[in-house]
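Take a look at the structure below.
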Amino acid sequence: MSYSFKEIEEKWQCYWQEKQIFKASHAPEKKKFYCLEMFPYPSGKIHMGHVRNYTIGDVYSRYKWLEGYSVLHPMGFDAFGQPAENAAIKNNTKPDSWTHKCIDWMKIELEKMGFSYDWERELSTCDSTYYRWNQWIFLKMYERGLAYQKASSVNWCPSCQTTLANEEVIDGECWRCHNPVQQKELEQWFLKITDYKERLLDDLNRLQHWPERVIAMQKNWIGKSQGVEIYFRLKENDTVITVFTTRADTIFGATYVVLAPEHPLVKELIKGKPQEKDVLDFIDKVSKESKIARVKEDVKKEGLFTGTFCVNPVNNEVIPIWIADYVLMEYGTGAIMAVPTHDQRDFLFAKEHHLPMRIVIKSPSHQVTKSPDEMTGAYAGDGLQVNSGEFNGLPNQEAKTKIAQWMQDKGMGKIVTHWRLRDWLISRQRYWGTPIPMIYCKACGVVGVPYKDLPVVLPADAPFTGEGGSPLGKVESFVNVACPQCDAPARRETDTMATFFDSSWYFLRFCSPKDDSAPFNTQEARYWMPVDQYIGGIEHAILHLLYSRFFTKFFRDLGMVDFPSAADNCSGHDEPFRCLLTQGMVLKDGEVMSKSKGNIVDPDSIIQKYGADSLRLFILFAAPPETELEWDDRGIEGAFKFLNRVWRIQENLKDTPEPHLIRILHKTIKKVSDDVAAFKFNTAIASLMELVNAIYQLGADKEVFSKLVLMLSPFMPHFAEELWQILGNEESIFKSQWPLHDPTLLVEAMVTMVVQVNGKVRFKIEVASDIDEEKLKKRVLSDEKLIPWLQGKQVKNIIVVPSKLVSIVV
RNA sequence: GGGCAAGUGGUGGAAUGGCAUACACGACAGACUUAAAAUCUGUUGGCUGUAAGGUCGUGAGGGUUCGACUCCCUCCUUGCCCACCA
């Protein structure tokens, strides 16, 4: 007979809802805890990744409830986005009704898992009560010059018929459909995230509870690099080409200069030169190339001589100017000095086009400096300066700063910092998103929609066919509007916002989701924020987390947030997420579960067969939260067996306590408390299993069993509630308290110590735990088991590790 | 090319300087049963030995240490992220 999980789970899910057990309440006298999991895109079905993500958060929230915290654990839906449009086209429905159907369905599935959400705070980003605040935020940014329009060459996905942010281009392909991305000139809206680059970089140091690799990824993405801009004057006139380098130590080895094909000076340089036509043809060819082709590693570096020369300012050497596709206009100044001996790309290019080379850094491992002709590749390592004028003999790292300073002093260059971070392109030529609240008037120009007119509601009908252009542009009633300033006929912006905008501040909205006077209530945010624990996938390590940090800092500049510094003073006033946990993926047969691979395990079918508690237990026990998890059908059965094993204890409770079991219980309480607090759920469950095994040996009384049930409750909440009730309790187990261990019960009178000889374990002894060191040494040396190991040898040293081991060196 | 993880039994994993393989799965054996399932109780790294025991063993090689899965160096493999970034 197994326990009837179906009835039990339904019963308690209803109970939690009706009694509002997990309703968050602003209780200033209590310590608060805001636990948040990344909200899902409502695709219609939850997958194992969701189950894992949300189970981890649920265990932690319930544990915090039991610890007496005032807990906020909300859930919502990231409901705008392209899949809804595609699904609507496919199923001949509307994105709106499709999305809402999906939300309803997913909510049922989430409820079936028994997650402890405060559903009264549920939000969907596609509701105008939410996205009106996107528009509000956008207008605030516009007022402050942080939202601006720019005609620019943008990444265009011909398949999705939309522009993409740099962040959405992966290996030159669209992140969603994986088709090659092209370049296209369009007037687009950008957010000036680069204004916040220093703060976004510096404050990473305050995020002590974030995984190191996420910090590293963000640093990398922001990409601060110190270097020098060097001025190369043309040989024939006073025009100056500015190049950027991080290797000022190699300046004496610069034997030519290379410009990006798009560099604005190129056309001027080649005017009237014999090379003019060839160069123009080359530029034309490169501009048509998609980024993917240009960036491919194995493609030969192509380039041409411009027919022009310039002067290296440090040695007045006249060197040729080339253009090449391996120099990018987007980075640095779009121009480089080429040092073929010490940069591999320059080396390959120089070999290909027979350009001169000169060694300026001598590798310490080579006794004889090779001539450039003998080199098979660039030497990028450290060494001593040679052929570098007054800097000869210096270690290159030292020379790097000295040369930079010297060039700046002589007016040959300037010490500068370059950043990789670009402004954030948010315009999308799509229907299912937040309309950008701007109006174009012939007389007044670009005008923001007045705050009182928000929201700009997304019209219910739009001809989105996926055939290009902004669907909203085809809805006359939407487009035509009176100018808010002069009342003349004007036109609305027809692009919508990238959905990353929606998710950049939802954690603030959860603090006061019904507020209709502001995006969020400052007092509520002051109480709940920052999010104490954020949990989600590593795939959001850069974009979502960076944007959220940017928005939060912007809100602080508006005076809308100023979080009390966290107790451990590690996140500060405008960092939204104090602790971050990135959970590992769920794999099947070593591969990510996906439709195309056909290896999906549907959570719902598992719930049907074993119940949500077994599913939760398996997923928590099979691996630590951060690592990958291999799905195992037999593992879920093991979890189910364990629940039944616990269930049977209740049928055989003893009346009298077992002293030895009490000790084991208190050890378990300590271990489980420490482990849960540190997200080591797998080992917490392992020690609970050990306790259950001990109960099977010794027999438990009601007291011990109650504590066991309490400790099991975050992992398998329905099951624990039912047993809690059977034990005679009237209130929910989550209104109870997490057990505390009694330290005096952890101290044993006798301990087993290991005796090592020369580092090898030879035998074990039982001694009183408070034995002093001298007595212990005597006890060990007089042990007859030691005799064979000491024969013919002298004891050199004895090391004692209290309560653990005695190590004898002979 | 750069950065960050990880590599332990048949399997998932445990141990972060002190008894390697906790806990679980699987396998094997026993009890119960007419039988099976379920359940309960054992055994379960390799080699060697009747046994007690011995010996080897945490991707490879070296180092530090009385003692290393753990710390340091070199290398290999796998995964993730970034990348013609000057």
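Chain labels run A, B, ... following the order of the structure tokens; each chain numbers its residues from 1, and ligands are numbered from 1 in the order shown.
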Return as a ChimeraX atom specification the residues belonging to chain B that are within 10 Å of chain A, counting only C-alpha atoms (C1' of nucleotides).
/B:1-6,11-14,18-19,22-26,38-40,66-67,80-86
Per-residue DSSP, segment 584-769 of chain A, filtered to helix (DSSP H, G or I), as an MDAnalysis selection string:
chainID A and resid 603:610 612:621 633:652 659:677 681:698 702:712 717:726 733:735 743:746
Enumerate as a PyMOL selection string all residues of segment 565-629 of chain A assigned to strand (DSSP E or B) by DSSP on the backbone, naming them with the chain letters and numbers the document uses.
chain A and resi 577-583+586-588+591-592+629
Here is a test: counting only C-alpha atoms (C1' of nucleotides), which residue of B:A31, B:A37, B:A20, B:A15 is nearest to G57 of chain B?
B:A20
As number ranges by chain, please: the residues near Leu472 of chain A (cut-off 7 Å, only C-alpha atoms (C1' of nucleotides), same-chain neighbours under 3 positions excluded).
A: 431, 462, 475, 494
Take the residues from that selection and write them out as an mmCIF file, in the first residue's frame, keeping C-alpha atoms.
data_model
loop_
_atom_site.group_PDB
_atom_site.id
_atom_site.type_symbol
_atom_site.label_atom_id
_atom_site.label_comp_id
_atom_site.auth_asym_id
_atom_site.auth_seq_id
_atom_site.Cartn_x
_atom_site.Cartn_y
_atom_site.Cartn_z
ATOM 1 C CA TYR A 431 3.358 43.466 -32.887
ATOM 2 C CA ALA A 462 -3.082 44.096 -36.355
ATOM 3 C CA VAL A 475 -3.402 49.953 -38.180
ATOM 4 C CA THR A 494 4.953 51.880 -34.686
#
Would you mind reading off the distance between atom CA of Lys442 of chain A and atom CA of Asp461 of chain A, one decimal, in Å?
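Straight-line distance from atom CA of Lys442 of chain A to atom CA of Asp461 of chain A works out to 27.0 Å.
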C28 of chain B: which residues within 12 Å, counting only C-alpha atoms (C1' of nucleotides), same-chain residues fewer than 6 positions away excluded, as a PyMOL selection string?
chain B and resi 42-44
Distance of atom CA of Met711 of chain A from atom CA of Trp738 of chain A, expressed in Å to one decimal place
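Distance between the two atoms: 7.1 Å.
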G9 of chain B environment, 10 Å, only C-alpha atoms (C1' of nucleotides), sequence neighbours closer than 4 positions dropped, as a short mmCIF file (atom, residue, chain, number, x, y, z; two decimals) with N, CA, C and O atoms (P, O5', C5', C4', C3', O3' and C1' of nucleotides), in the first residue's frame:
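That gives us part-v1.cif:
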data_model
loop_
_atom_site.label_atom_id
_atom_site.label_comp_id
_atom_site.auth_asym_id
_atom_site.auth_seq_id
_atom_site.Cartn_x
_atom_site.Cartn_y
_atom_site.Cartn_z
P U B 21 35.30 5.11 2.46
"O5'" U B 21 34.36 5.45 1.24
"C5'" U B 21 33.46 6.58 1.28
"C4'" U B 21 32.84 6.72 -0.07
"C3'" U B 21 31.94 5.56 -0.47
"O3'" U B 21 30.63 5.85 -0.04
"C1'" U B 21 33.38 6.24 -2.26
P U B 44 30.39 -5.26 1.87
"O5'" U B 44 30.26 -4.99 0.30
"C5'" U B 44 30.93 -5.83 -0.63
"C4'" U B 44 30.48 -5.49 -2.03
"C3'" U B 44 30.65 -4.02 -2.41
"O3'" U B 44 31.98 -3.74 -2.80
"C1'" U B 44 28.51 -4.79 -3.09
P G B 45 32.68 -2.38 -2.29
"O5'" G B 45 33.55 -1.97 -3.56
"C5'" G B 45 32.89 -1.73 -4.80
"C4'" G B 45 33.92 -1.35 -5.84
"C3'" G B 45 35.02 -2.40 -6.04
"O3'" G B 45 34.60 -3.45 -6.89
"C1'" G B 45 36.00 -0.28 -5.81
P G B 46 35.31 -4.89 -6.72
"O5'" G B 46 36.74 -4.63 -7.36
"C5'" G B 46 36.87 -4.41 -8.77
"C4'" G B 46 38.32 -4.28 -9.13
"C3'" G B 46 39.19 -5.47 -8.71
"O3'" G B 46 39.12 -6.53 -9.65
"C1'" G B 46 40.25 -3.47 -8.07
#
Go ahead and compute the interatomic distance for atom CA of Thr376 of chain A and atom CA of Glu302 of chain A, in Å to one decimal.
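Distance between the two atoms: 19.7 Å.
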Applying 12 Å and only C-alpha atoms (C1' of nucleotides), which residues near segment 71-74 of chain B remain after dropping the ones on its own chain fewer than 6 positions away? List them as a PyMOL selection string.
chain B and resi 16-17+60-65
Could you name the residues that touch segment 137-148 of chain A at 6 Å or less, counting only C-alpha atoms (C1' of nucleotides), but leaving out those on the same chain fewer than 4 positions away, as a list in words?
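Selected residues are Trp133, Trp189, Phe190, Leu191 and Lys192 of chain A.
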Choose the residue, out of A:Ala254, A:Leu186, A:Met375, A:Ile439, that has the smallest atom-to-atom separation from Asn387 of chain A; count only C-alpha atoms.
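Ranking A:Ala254, A:Leu186, A:Met375, A:Ile439 by distance to Asn387 of chain A, first place goes to A:Ala254.
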